[in-house]
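Student: For reference, the file entry_14.txt (compact mmCIF, C-alpha atoms) is included below:
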```
# COMPACT_ATOMS: atom_id res chain seq x y z
CA MET A 1 18.82 10.37 2.13
CA ILE A 2 16.43 7.75 0.74
CA THR A 3 16.68 4.40 2.50
CA SER A 4 14.70 1.17 2.50
CA ASN A 5 15.26 -1.93 4.59
CA GLY A 6 18.60 -0.46 5.64
CA PHE A 7 19.85 0.16 2.08
CA VAL A 8 20.70 3.65 0.84
CA LEU A 9 18.84 3.96 -2.45
CA ASP A 10 19.97 7.37 -3.63
CA GLU A 11 23.58 6.25 -3.77
CA ARG A 12 22.41 4.62 -7.01
CA PRO A 13 20.62 7.48 -8.83
CA GLU A 14 20.47 5.46 -12.05
CA ARG A 15 18.17 3.04 -10.20
CA LEU A 16 15.72 5.73 -9.05
CA GLY A 17 12.93 7.53 -10.87
CA ARG A 18 9.67 9.36 -10.22
CA LEU A 19 6.15 8.00 -10.42
CA ASP A 20 3.92 9.69 -12.99
CA PRO A 21 0.41 10.70 -11.83
CA VAL A 22 -2.35 9.97 -14.32
CA PRO A 23 -2.98 13.21 -16.27
CA ALA A 24 -6.22 14.95 -15.40
CA ALA A 25 -7.42 14.68 -19.00
CA LEU A 26 -7.38 10.87 -18.80
CA ARG A 27 -9.00 10.39 -15.41
CA GLY A 28 -12.47 9.84 -16.85
CA ASP A 29 -11.33 7.74 -19.83
CA LYS A 30 -11.67 4.12 -18.76
CA ASP A 31 -9.95 2.67 -21.84
CA ALA A 32 -7.00 5.03 -21.43
CA LEU A 33 -6.69 4.08 -17.77
CA TRP A 34 -6.66 0.38 -18.63
CA ASP A 35 -3.94 1.02 -21.22
CA HIS A 36 -1.98 2.93 -18.60
CA LEU A 37 -2.39 0.15 -16.03
CA ARG A 38 -1.35 -2.58 -18.47
CA ARG A 39 1.68 -0.57 -19.57
CA ASP A 40 2.91 0.71 -16.20
CA GLY A 41 1.37 -1.72 -13.70
CA TYR A 42 0.01 1.12 -11.58
CA LEU A 43 -2.32 4.11 -11.61
CA TYR A 44 -1.18 7.07 -9.54
CA LEU A 45 -4.44 8.93 -8.87
CA SER A 46 -3.49 12.19 -7.19
CA ASP A 47 -6.21 14.00 -5.20
CA HIS A 48 -8.59 11.08 -5.68
CA LEU A 49 -10.01 11.32 -2.15
CA ASP A 50 -11.13 14.32 -0.17
CA PRO A 51 -8.05 15.18 1.97
CA ALA A 52 -10.37 15.99 4.89
CA LEU A 53 -11.67 12.39 4.81
CA VAL A 54 -8.14 11.03 5.05
CA ARG A 55 -6.96 13.46 7.72
CA ASP A 56 -10.07 12.80 9.79
CA PHE A 57 -9.32 9.07 9.82
CA ARG A 58 -5.66 9.75 10.64
CA SER A 59 -6.75 11.78 13.66
CA TYR A 60 -9.20 9.05 14.72
CA TYR A 61 -6.51 6.36 14.44
CA PHE A 62 -3.91 8.13 16.53
CA ARG A 63 -6.44 9.18 19.15
CA LYS A 64 -7.40 5.51 19.51
CA LEU A 65 -3.72 4.55 19.85
CA ALA A 66 -2.77 7.47 22.13
CA PRO A 67 -3.19 5.44 25.39
CA THR A 68 -0.42 3.10 24.19
CA GLY A 69 2.17 5.89 24.41
CA LEU A 70 2.69 5.96 20.64
CA VAL A 71 2.09 9.65 19.96
CA GLN A 72 3.16 12.93 21.50
CA THR A 73 0.32 14.49 23.55
CA GLU A 74 0.35 17.80 21.71
CA GLY A 75 0.69 16.09 18.33
CA VAL A 76 -1.99 13.41 18.49
CA ASP A 77 -4.02 14.47 15.46
CA GLU A 78 -0.90 14.73 13.29
CA GLY A 79 0.58 11.46 14.52
CA ILE A 80 3.79 12.91 15.94
CA ASP A 81 5.92 10.17 17.43
CA SER A 82 6.41 10.24 21.20
CA ARG A 83 9.87 8.65 21.07
CA ALA A 84 8.71 6.70 24.13
CA ASP A 85 8.26 3.01 24.78
CA VAL A 86 4.89 1.71 23.63
CA ASP A 87 2.54 -0.74 25.30
CA LEU A 88 2.58 -3.38 22.57
CA ALA A 89 -0.11 -5.57 24.12
CA LEU A 90 -2.50 -2.63 24.29
CA THR A 91 -1.55 -1.65 20.73
CA ARG A 92 -2.55 -5.09 19.48
CA ARG A 93 -5.85 -5.00 21.36
CA VAL A 94 -6.82 -1.57 20.07
CA LEU A 95 -5.75 -2.36 16.51
CA PHE A 96 -7.17 -5.83 16.07
CA ASP A 97 -10.19 -5.67 18.37
CA ASP A 98 -11.34 -2.12 17.70
CA VAL A 99 -9.85 -0.26 14.72
CA VAL A 100 -9.63 -3.02 12.09
CA PRO A 101 -13.18 -4.44 12.57
CA GLY A 102 -14.65 -1.02 13.37
CA ASP A 103 -17.18 1.06 11.48
CA ARG A 104 -14.80 3.98 10.84
CA TYR A 105 -12.31 1.81 8.96
CA ALA A 106 -15.09 0.08 7.03
CA ALA A 107 -16.57 3.44 6.03
CA LEU A 108 -13.20 4.65 4.76
CA THR A 109 -12.32 1.55 2.74
CA SER A 110 -15.78 1.26 1.17
CA HIS A 111 -16.29 4.98 0.66
CA PRO A 112 -18.21 5.78 -2.56
CA SER A 113 -15.12 7.47 -4.01
CA ILE A 114 -13.31 4.14 -3.64
CA ARG A 115 -15.96 1.45 -4.10
CA GLY A 116 -17.79 3.47 -6.74
CA TRP A 117 -14.56 4.04 -8.65
CA PHE A 118 -13.80 0.29 -8.73
CA GLU A 119 -17.35 -0.48 -9.91
CA TRP A 120 -16.87 2.01 -12.74
CA PHE A 121 -13.37 0.86 -13.62
CA LEU A 122 -14.07 -2.89 -13.44
CA GLY A 123 -17.51 -2.56 -15.06
CA ASP A 124 -19.17 -4.93 -12.63
CA ASP A 125 -20.33 -5.35 -9.06
CA VAL A 126 -17.23 -5.53 -6.90
CA HIS A 127 -15.99 -7.37 -3.86
CA LEU A 128 -13.77 -5.77 -1.22
CA HIS A 129 -11.57 -8.33 0.48
CA LYS A 130 -12.37 -8.31 4.17
CA ARG A 131 -8.69 -8.69 5.08
CA ARG A 132 -7.61 -5.04 4.94
CA ILE A 133 -4.25 -4.03 6.35
CA ILE A 134 -3.45 -0.80 8.16
CA ARG A 135 0.11 -0.02 9.19
CA HIS A 136 2.00 2.66 11.04
CA THR A 137 5.77 3.05 11.04
CA ARG A 138 7.58 5.23 13.54
CA PRO A 139 10.49 7.44 12.46
CA GLY A 140 13.79 5.65 12.95
CA GLU A 141 12.29 2.18 12.63
CA THR A 142 14.44 0.84 9.81
CA GLY A 143 15.57 -2.47 8.45
CA ILE A 144 13.93 -5.81 7.87
CA GLY A 145 10.60 -6.13 9.65
CA THR A 146 9.66 -2.46 9.46
CA ALA A 147 9.82 -1.14 5.88
CA THR A 148 7.87 -3.43 3.56
CA GLN A 149 10.19 -5.72 1.62
CA ALA A 150 9.93 -6.14 -2.13
CA HIS A 151 7.01 -8.35 -3.14
CA TYR A 152 4.11 -8.59 -5.54
CA ASP A 153 0.60 -9.15 -4.24
CA LEU A 154 -0.32 -12.29 -6.15
CA VAL A 155 2.17 -14.18 -4.00
CA TYR A 156 -0.38 -13.84 -1.20
CA LEU A 157 -3.54 -14.32 -3.30
CA ARG A 158 -3.08 -17.71 -4.92
CA GLU A 159 -6.52 -19.08 -4.07
CA GLY A 160 -8.51 -16.60 -6.16
CA THR A 161 -8.39 -14.57 -9.34
CA ASP A 162 -5.20 -12.94 -10.62
CA ARG A 163 -7.33 -9.98 -11.71
CA VAL A 164 -7.53 -8.49 -8.23
CA LEU A 165 -6.46 -4.85 -7.91
CA SER A 166 -4.81 -3.34 -4.86
CA MET A 167 -5.27 0.22 -3.64
CA TRP A 168 -2.65 1.73 -1.37
CA ILE A 169 -3.84 4.80 0.53
CA PRO A 170 -1.41 7.04 2.42
CA LEU A 171 -3.35 8.24 5.43
CA GLY A 172 -1.90 11.72 5.54
CA ASP A 173 0.90 13.40 3.62
CA CYS A 174 3.63 10.83 3.01
CA ALA A 175 6.86 12.13 1.52
CA VAL A 176 9.61 9.74 0.45
CA GLU A 177 11.40 10.26 3.76
CA THR A 178 8.20 9.36 5.65
CA GLY A 179 8.09 5.89 4.12
CA GLY A 180 6.11 6.02 0.90
CA LEU A 181 5.56 3.13 -1.50
CA ALA A 182 8.06 2.48 -4.30
CA TYR A 183 7.42 0.47 -7.49
CA LEU A 184 9.95 -1.46 -9.55
CA GLU A 185 9.45 -0.04 -13.03
CA GLY A 186 8.03 -2.49 -15.55
CA SER A 187 8.48 -5.48 -13.22
CA HIS A 188 4.92 -6.75 -13.83
CA HIS A 189 5.80 -7.61 -17.44
CA ARG A 190 8.65 -9.86 -16.37
CA VAL A 191 6.66 -11.44 -13.54
CA MET A 192 3.72 -12.24 -15.83
CA ALA A 193 6.00 -13.63 -18.56
CA GLN A 194 7.81 -15.87 -16.10
CA GLU A 195 4.55 -17.06 -14.60
CA ARG A 196 3.22 -17.96 -18.06
CA ALA A 197 6.42 -19.84 -18.82
CA GLY A 198 6.48 -21.56 -15.43
CA THR A 199 9.98 -20.22 -14.71
CA LEU A 200 9.20 -17.81 -11.88
CA LYS A 201 11.04 -18.86 -8.75
CA MET A 202 9.91 -16.83 -5.76
CA PRO A 203 9.66 -17.59 -2.06
CA ALA A 204 6.25 -17.87 -0.48
CA ALA A 205 6.30 -14.26 0.70
CA SER A 206 8.67 -11.35 0.16
CA ILE A 207 11.29 -11.46 -2.59
CA THR A 208 14.12 -9.57 -0.91
CA ALA A 209 15.03 -6.62 1.30
CA ASP A 210 17.88 -5.67 -1.04
CA LEU A 211 16.12 -3.14 -3.23
CA PRO A 212 19.18 -1.88 -5.15
CA GLY A 213 20.20 -5.46 -5.87
CA LEU A 214 16.74 -6.30 -7.20
CA ALA A 215 16.80 -3.23 -9.45
CA ASP A 216 20.11 -4.48 -10.85
CA GLU A 217 18.64 -7.94 -11.42
CA TYR A 218 15.68 -6.46 -13.31
CA ASP A 219 17.82 -3.75 -14.94
CA SER A 220 15.15 -1.35 -13.76
CA ARG A 221 14.46 1.61 -11.47
CA TRP A 222 12.56 2.10 -8.25
CA LEU A 223 9.89 4.75 -8.82
CA ILE A 224 9.08 7.01 -5.89
CA ASN A 225 7.19 10.20 -5.12
CA ASP A 226 5.95 12.44 -2.33
CA TYR A 227 2.32 11.51 -1.69
CA ARG A 228 -0.28 13.90 -0.33
CA ALA A 229 -3.42 13.22 1.69
CA GLY A 230 -6.04 12.27 -0.91
CA ASP A 231 -3.64 10.49 -3.28
CA VAL A 232 -4.11 6.78 -3.94
CA MET A 233 -2.16 4.14 -5.83
CA VAL A 234 -4.00 1.38 -7.71
CA HIS A 235 -1.74 -1.42 -8.84
CA SER A 236 -1.66 -4.77 -10.52
CA ALA A 237 -1.22 -7.96 -8.52
CA HIS A 238 2.01 -8.58 -10.48
CA ILE A 239 4.05 -5.41 -10.04
CA VAL A 240 6.90 -5.57 -7.52
CA HIS A 241 6.74 -2.89 -4.84
CA ALA A 242 8.22 -2.04 -1.45
CA SER A 243 8.37 0.90 0.94
CA THR A 244 11.04 3.34 1.94
CA ASP A 245 12.13 3.82 5.55
CA ASN A 246 10.55 6.48 7.72
CA VAL A 247 13.28 9.01 8.44
CA ASP A 248 10.90 11.99 8.72
CA PRO A 249 12.74 14.91 10.40
CA ASP A 250 9.47 16.16 11.93
CA ARG A 251 8.83 12.76 13.57
CA ARG A 252 5.59 12.11 11.68
CA ILE A 253 4.45 8.50 11.91
CA ARG A 254 3.79 6.92 8.52
CA LEU A 255 0.21 5.60 8.37
CA SER A 256 -1.30 3.80 5.39
CA THR A 257 -3.76 1.12 4.43
CA ASP A 258 -3.83 -1.33 1.56
CA ILE A 259 -7.07 -2.88 0.35
CA ARG A 260 -8.06 -5.13 -2.53
CA TYR A 261 -11.03 -5.06 -4.87
CA GLN A 262 -12.09 -7.45 -7.62
CA ARG A 263 -15.11 -8.29 -9.74
CA VAL A 264 -17.59 -10.20 -7.63
CA SER A 265 -18.00 -12.68 -10.50
CA ASP A 266 -14.31 -13.72 -10.40
CA PRO A 267 -12.99 -16.46 -8.05
CA ILE A 268 -12.42 -15.08 -4.54
CA ASP A 269 -9.54 -16.13 -2.30
CA TRP A 270 -11.42 -17.48 0.72
CA ARG A 271 -8.42 -16.88 3.01
CA TRP A 272 -8.87 -13.11 2.63
CA GLN A 273 -12.46 -13.03 3.86
CA GLU A 274 -11.74 -12.50 7.56
CA HIS A 275 -10.50 -9.38 9.29
CA TRP A 276 -6.74 -8.98 9.45
CA PHE A 277 -5.41 -10.20 12.78
CA GLU A 278 -2.01 -10.82 14.25
CA GLY A 279 -0.60 -14.17 13.21
CA ASP A 280 -3.16 -14.88 10.47
CA GLY A 281 -0.36 -16.48 8.47
CA LEU A 282 -0.81 -14.52 5.22
```
Spell out the structure here as structure tokens.

Tutor:
Amino acid sequence: MITSNGFVLDERPERLGRLDPVPAALRGDKDALWDHLRRDGYLYLSDHLDPALVRDFRSYYFRKLAPTGLVQTEGVDEGIDSRADVDLALTRRVLFDDVVPGDRYAALTSHPSIRGWFEWFLGDDVHLHKRRIIRHTRPGETGIGTATQAHYDLVYLREGTDRVLSMWIPLGDCAVETGGLAYLEGSHHRVMAQERAGTLKMPAASITADLPGLADEYDSRWLINDYRAGDVMVHSAHIVHASTDNVDPDRRIRLSTDIRYQRVSDPIDWRWQEHWFEGDGL
């Protein structure tokens, strides 16, 4: 069963599809990649990162969070949920005072295979927004407030360029039932057209939690896939995306990070130049 924000998505198979990874033959062709990004709104780069790099960070993260009661003792490195109550105050301290501003997270998000790729793709020196978000979702945590509601990133980046690119990195294998990211097919074309015409009416943050209803409104499909450690998604600031619920039968916690790169010569949203912290209002 595929669910998101409490809605059963696979009851509407006509509104579901699969994400297409970029073919290996095109991975080194910058012009082809730009054509792909403009057409689809995303680049699914399978095996872009060394899986060992990703799994090593996953292990580090859950070992840091282990004292909170989040993970099962014998499943720390894999991030197996403890099913126990968690010390939320300690979780916030470890996350916002240690992990987010720490060297290990900085090394991952600015790794040469990430930063160097953006320099090549954008053809310029690049800027990584300091506000980088890392999230974990426990199995069984469903509904509004857990799975990411439908949104597009430019809603949150109004003070800088609209040519910022997001990279979503699943930190470990992330099947659909573990809470992977889903994209609303072709939605960036409609969003950009409405923005140009001045007719786009969106709230200040998320669009909706009703993913099937939004697919009906757009007459489109939600595109999903089973991600593996090492896969990354690069997407436009205009494409609508959301996440599925974590209903993993093996109780694996969904862990991911989303980061944003742009050309250093483009206007930079000043609000995104501090570390992510609880209650930052963005």

Student: What's around Arg115 of chain A at 9 Å? Count only C-alpha atoms, leave out sequence neighbours fewer than 4 positions away in its own chain, and write the answer as number ranges by chain.

Tutor: A: 109-111, 119-120, 126-128, 261

Student: So, counting all atoms listed in the file, which residue among A:Leu171, A:Val240, A:Asp226, A:Ile133 is closest to Ser59 of chain A?

Tutor: A:Leu171

Student: Closest to Asp85 of chain A among A:Ala52, A:Val99, A:Met233, A:Leu70, using all atoms listed in the file?

Tutor: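 Checking each of A:Ala52, A:Val99, A:Met233, A:Leu70 against Asp85 of chain A, counting all atoms listed in the file, the winner is A:Leu70.
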
Student: Select, counting only C-alpha atoms, all protein, DNA and RNA residues no farther than 12 Å from (-1.7, -14.7, 2.5) in file coordinates, and express the selection as a ChimeraX atom specification.

Tutor: /A:129,131-133,152-160,204-206,269-274,276-277,279-282

Student: Within 9 Å of Glu185 of chain A, counting all atoms listed in the file, which residues show up once you throw out same-chain ones fewer than 4 positions away? Write them as a list in words, please.

Tutor: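 Near Glu185 of chain A, the qualifying residues are Gly17, Asp40, Gly41, Ala215, Tyr218, Ser220, Arg221, Trp222, Leu223, Ile239 and Val240 of chain A.
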
Student: Let me see the file: selected residues, C-alpha atoms, as a short mmCIF file (atom, residue, chain, number, x, y, z; two decimals), keeping the file's coordinate frame.

Tutor:
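Just written: again_33.cif:
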```
data_model
loop_
_atom_site.label_atom_id
_atom_site.label_comp_id
_atom_site.auth_asym_id
_atom_site.auth_seq_id
_atom_site.Cartn_x
_atom_site.Cartn_y
_atom_site.Cartn_z
CA GLY A 17 12.93 7.53 -10.87
CA ASP A 40 2.91 0.71 -16.20
CA GLY A 41 1.37 -1.72 -13.70
CA ALA A 215 16.80 -3.23 -9.45
CA TYR A 218 15.68 -6.46 -13.31
CA SER A 220 15.15 -1.35 -13.76
CA ARG A 221 14.46 1.61 -11.47
CA TRP A 222 12.56 2.10 -8.25
CA LEU A 223 9.89 4.75 -8.82
CA ILE A 239 4.05 -5.41 -10.04
CA VAL A 240 6.90 -5.57 -7.52
#
```

Student: Between A:Leu181, A:Val247, A:Ala150, A:Leu19, which is the closest to Gly213 of chain A once you count all atoms listed in the file?

Tutor: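 For Gly213 of chain A, the nearest of the candidates is A:Ala150.
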
Student: Hey, which of A:Gly69, A:Gly179, A:Pro51, A:Gly6 ends up closest to Asp81 of chain A? Count all atoms listed in the file.

Tutor: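 Answer, going by the shortest atom-to-atom distance: A:Gly69.
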
Student: With distances taken over all atoms listed in the file, which residue among A:Asp245, A:Asp216, A:Asp29, A:Asp231 lies nearest Arg12 of chain A?

Tutor: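 Looking only at the distances to Arg12 of chain A, the closest residue turns out to be A:Asp216.
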
Student: With distances taken over only C-alpha atoms, which of A:Leu53, A:Met192, A:Leu95, A:Ala89 is nearest to His275 of chain A?

Tutor: A:Leu95

Student: What gap, in Å, lies between atom CA of Ser82 of chain A and atom CA of Tyr60 of chain A?

Tutor: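 Straight-line distance from atom CA of Ser82 of chain A to atom CA of Tyr60 of chain A works out to 16.9 Å.
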
Student: Can you tell me how far atom CA of Val54 of chain A sits from atom CA of His235 of chain A, in Å to one decimal?

Tutor: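 So the answer is 19.7 Å.
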
Student: Taking only all heavy atoms, show segment 206-219 of chain A of the given structure as a PDB file, in the first residue's frame.

Tutor:
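Saved the output as result-v2.pdb:
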```
ATOM      1  N   SER A 206       3.161  25.028   2.136  1.00  0.00           N
ATOM      2  CA  SER A 206       2.734  23.860   1.386  1.00  0.00           C
ATOM      3  C   SER A 206       1.428  24.120   0.654  1.00  0.00           C
ATOM      4  O   SER A 206       0.600  24.937   1.063  1.00  0.00           O
ATOM      5  CB  SER A 206       2.565  22.671   2.326  1.00  0.00           C
ATOM      6  OG  SER A 206       3.792  22.357   2.954  1.00  0.00           O
ATOM      7  N   ILE A 207       1.236  23.388  -0.451  1.00  0.00           N
ATOM      8  CA  ILE A 207       0.034  23.538  -1.260  1.00  0.00           C
ATOM      9  C   ILE A 207      -1.118  22.762  -0.631  1.00  0.00           C
ATOM     10  O   ILE A 207      -2.192  23.294  -0.393  1.00  0.00           O
ATOM     11  CB  ILE A 207       0.292  23.046  -2.700  1.00  0.00           C
ATOM     12  CG1 ILE A 207       1.405  23.865  -3.348  1.00  0.00           C
ATOM     13  CG2 ILE A 207      -0.984  23.119  -3.535  1.00  0.00           C
ATOM     14  CD1 ILE A 207       1.891  23.290  -4.667  1.00  0.00           C
ATOM     15  N   THR A 208      -0.884  21.464  -0.388  1.00  0.00           N
ATOM     16  CA  THR A 208      -1.944  20.614   0.140  1.00  0.00           C
ATOM     17  C   THR A 208      -1.345  19.306   0.628  1.00  0.00           C
ATOM     18  O   THR A 208      -0.237  18.925   0.241  1.00  0.00           O
ATOM     19  CB  THR A 208      -2.995  20.312  -0.947  1.00  0.00           C
ATOM     20  OG1 THR A 208      -4.038  19.501  -0.394  1.00  0.00           O
ATOM     21  CG2 THR A 208      -2.374  19.571  -2.127  1.00  0.00           C
ATOM     22  N   ALA A 209      -2.096  18.607   1.479  1.00  0.00           N
ATOM     23  CA  ALA A 209      -1.747  17.242   1.859  1.00  0.00           C
ATOM     24  C   ALA A 209      -2.523  16.223   1.036  1.00  0.00           C
ATOM     25  O   ALA A 209      -2.261  15.027   1.134  1.00  0.00           O
ATOM     26  CB  ALA A 209      -2.032  17.024   3.354  1.00  0.00           C
ATOM     27  N   ASP A 210      -3.469  16.694   0.241  1.00  0.00           N
ATOM     28  CA  ASP A 210      -4.311  15.790  -0.554  1.00  0.00           C
ATOM     29  C   ASP A 210      -3.641  15.536  -1.902  1.00  0.00           C
ATOM     30  O   ASP A 210      -3.924  16.202  -2.894  1.00  0.00           O
ATOM     31  CB  ASP A 210      -5.698  16.422  -0.740  1.00  0.00           C
ATOM     32  CG  ASP A 210      -6.649  15.524  -1.529  1.00  0.00           C
ATOM     33  OD1 ASP A 210      -6.234  14.423  -1.939  1.00  0.00           O
ATOM     34  OD2 ASP A 210      -7.802  15.935  -1.745  1.00  0.00           O
ATOM     35  N   LEU A 211      -2.756  14.556  -1.938  1.00  0.00           N
ATOM     36  CA  LEU A 211      -1.998  14.304  -3.159  1.00  0.00           C
ATOM     37  C   LEU A 211      -2.866  13.788  -4.314  1.00  0.00           C
ATOM     38  O   LEU A 211      -2.711  14.245  -5.446  1.00  0.00           O
ATOM     39  CB  LEU A 211      -0.838  13.344  -2.880  1.00  0.00           C
ATOM     40  CG  LEU A 211       0.501  14.023  -2.517  1.00  0.00           C
ATOM     41  CD1 LEU A 211       0.361  14.944  -1.319  1.00  0.00           C
ATOM     42  CD2 LEU A 211       1.575  12.984  -2.270  1.00  0.00           C
ATOM     43  N   PRO A 212      -3.782  12.844  -4.088  1.00  0.00           N
ATOM     44  CA  PRO A 212      -4.639  12.429  -5.203  1.00  0.00           C
ATOM     45  C   PRO A 212      -5.471  13.582  -5.762  1.00  0.00           C
ATOM     46  O   PRO A 212      -5.646  13.709  -6.974  1.00  0.00           O
ATOM     47  CB  PRO A 212      -5.526  11.340  -4.587  1.00  0.00           C
ATOM     48  CG  PRO A 212      -4.745  10.828  -3.422  1.00  0.00           C
ATOM     49  CD  PRO A 212      -4.019  12.029  -2.890  1.00  0.00           C
ATOM     50  N   GLY A 213      -5.971  14.433  -4.872  1.00  0.00           N
ATOM     51  CA  GLY A 213      -6.765  15.571  -5.323  1.00  0.00           C
ATOM     52  C   GLY A 213      -5.950  16.539  -6.156  1.00  0.00           C
ATOM     53  O   GLY A 213      -6.444  17.097  -7.139  1.00  0.00           O
ATOM     54  N   LEU A 214      -4.678  16.743  -5.783  1.00  0.00           N
ATOM     55  CA  LEU A 214      -3.833  17.651  -6.548  1.00  0.00           C
ATOM     56  C   LEU A 214      -3.513  17.054  -7.917  1.00  0.00           C
ATOM     57  O   LEU A 214      -3.450  17.784  -8.916  1.00  0.00           O
ATOM     58  CB  LEU A 214      -2.543  17.933  -5.775  1.00  0.00           C
ATOM     59  CG  LEU A 214      -1.686  19.078  -6.318  1.00  0.00           C
ATOM     60  CD1 LEU A 214      -2.433  20.401  -6.231  1.00  0.00           C
ATOM     61  CD2 LEU A 214      -0.363  19.172  -5.559  1.00  0.00           C
ATOM     62  N   ALA A 215      -3.309  15.737  -7.974  1.00  0.00           N
ATOM     63  CA  ALA A 215      -3.081  15.088  -9.266  1.00  0.00           C
ATOM     64  C   ALA A 215      -4.297  15.253 -10.168  1.00  0.00           C
ATOM     65  O   ALA A 215      -4.161  15.463 -11.382  1.00  0.00           O
ATOM     66  CB  ALA A 215      -2.763  13.612  -9.064  1.00  0.00           C
ATOM     67  N   ASP A 216      -5.494  15.184  -9.604  1.00  0.00           N
ATOM     68  CA  ASP A 216      -6.704  15.418 -10.392  1.00  0.00           C
ATOM     69  C   ASP A 216      -6.735  16.854 -10.904  1.00  0.00           C
ATOM     70  O   ASP A 216      -7.064  17.113 -12.072  1.00  0.00           O
ATOM     71  CB  ASP A 216      -7.955  15.153  -9.547  1.00  0.00           C
ATOM     72  CG  ASP A 216      -8.193  13.670  -9.283  1.00  0.00           C
ATOM     73  OD1 ASP A 216      -7.663  12.837 -10.045  1.00  0.00           O
ATOM     74  OD2 ASP A 216      -8.906  13.348  -8.317  1.00  0.00           O
ATOM     75  N   GLU A 217      -6.407  17.793 -10.028  1.00  0.00           N
ATOM     76  CA  GLU A 217      -6.425  19.211 -10.422  1.00  0.00           C
ATOM     77  C   GLU A 217      -5.460  19.470 -11.577  1.00  0.00           C
ATOM     78  O   GLU A 217      -5.775  20.228 -12.498  1.00  0.00           O
ATOM     79  CB  GLU A 217      -6.065  20.082  -9.229  1.00  0.00           C
ATOM     80  CG  GLU A 217      -6.034  21.573  -9.546  1.00  0.00           C
ATOM     81  CD  GLU A 217      -5.546  22.407  -8.375  1.00  0.00           C
ATOM     82  OE1 GLU A 217      -5.690  21.962  -7.222  1.00  0.00           O
ATOM     83  OE2 GLU A 217      -5.002  23.499  -8.642  1.00  0.00           O
ATOM     84  N   TYR A 218      -4.293  18.852 -11.533  1.00  0.00           N
ATOM     85  CA  TYR A 218      -3.282  19.040 -12.569  1.00  0.00           C
ATOM     86  C   TYR A 218      -3.464  18.077 -13.742  1.00  0.00           C
ATOM     87  O   TYR A 218      -2.752  18.187 -14.730  1.00  0.00           O
ATOM     88  CB  TYR A 218      -1.884  18.832 -11.974  1.00  0.00           C
ATOM     89  CG  TYR A 218      -1.284  20.062 -11.325  1.00  0.00           C
ATOM     90  CD1 TYR A 218      -1.834  20.621 -10.172  1.00  0.00           C
ATOM     91  CD2 TYR A 218      -0.144  20.663 -11.847  1.00  0.00           C
ATOM     92  CE1 TYR A 218      -1.274  21.728  -9.561  1.00  0.00           C
ATOM     93  CE2 TYR A 218       0.430  21.773 -11.251  1.00  0.00           C
ATOM     94  CZ  TYR A 218      -0.147  22.307 -10.106  1.00  0.00           C
ATOM     95  OH  TYR A 218       0.408  23.414  -9.507  1.00  0.00           O
ATOM     96  N   ASP A 219      -4.407  17.143 -13.605  1.00  0.00           N
ATOM     97  CA  ASP A 219      -4.576  16.063 -14.585  1.00  0.00           C
ATOM     98  C   ASP A 219      -3.230  15.411 -14.853  1.00  0.00           C
ATOM     99  O   ASP A 219      -2.772  15.299 -15.987  1.00  0.00           O
ATOM    100  CB  ASP A 219      -5.192  16.594 -15.884  1.00  0.00           C
ATOM    101  CG  ASP A 219      -5.611  15.454 -16.836  1.00  0.00           C
ATOM    102  OD1 ASP A 219      -5.789  14.326 -16.345  1.00  0.00           O
ATOM    103  OD2 ASP A 219      -5.719  15.706 -18.049  1.00  0.00           O
TER     104      ASP A 219
END
```
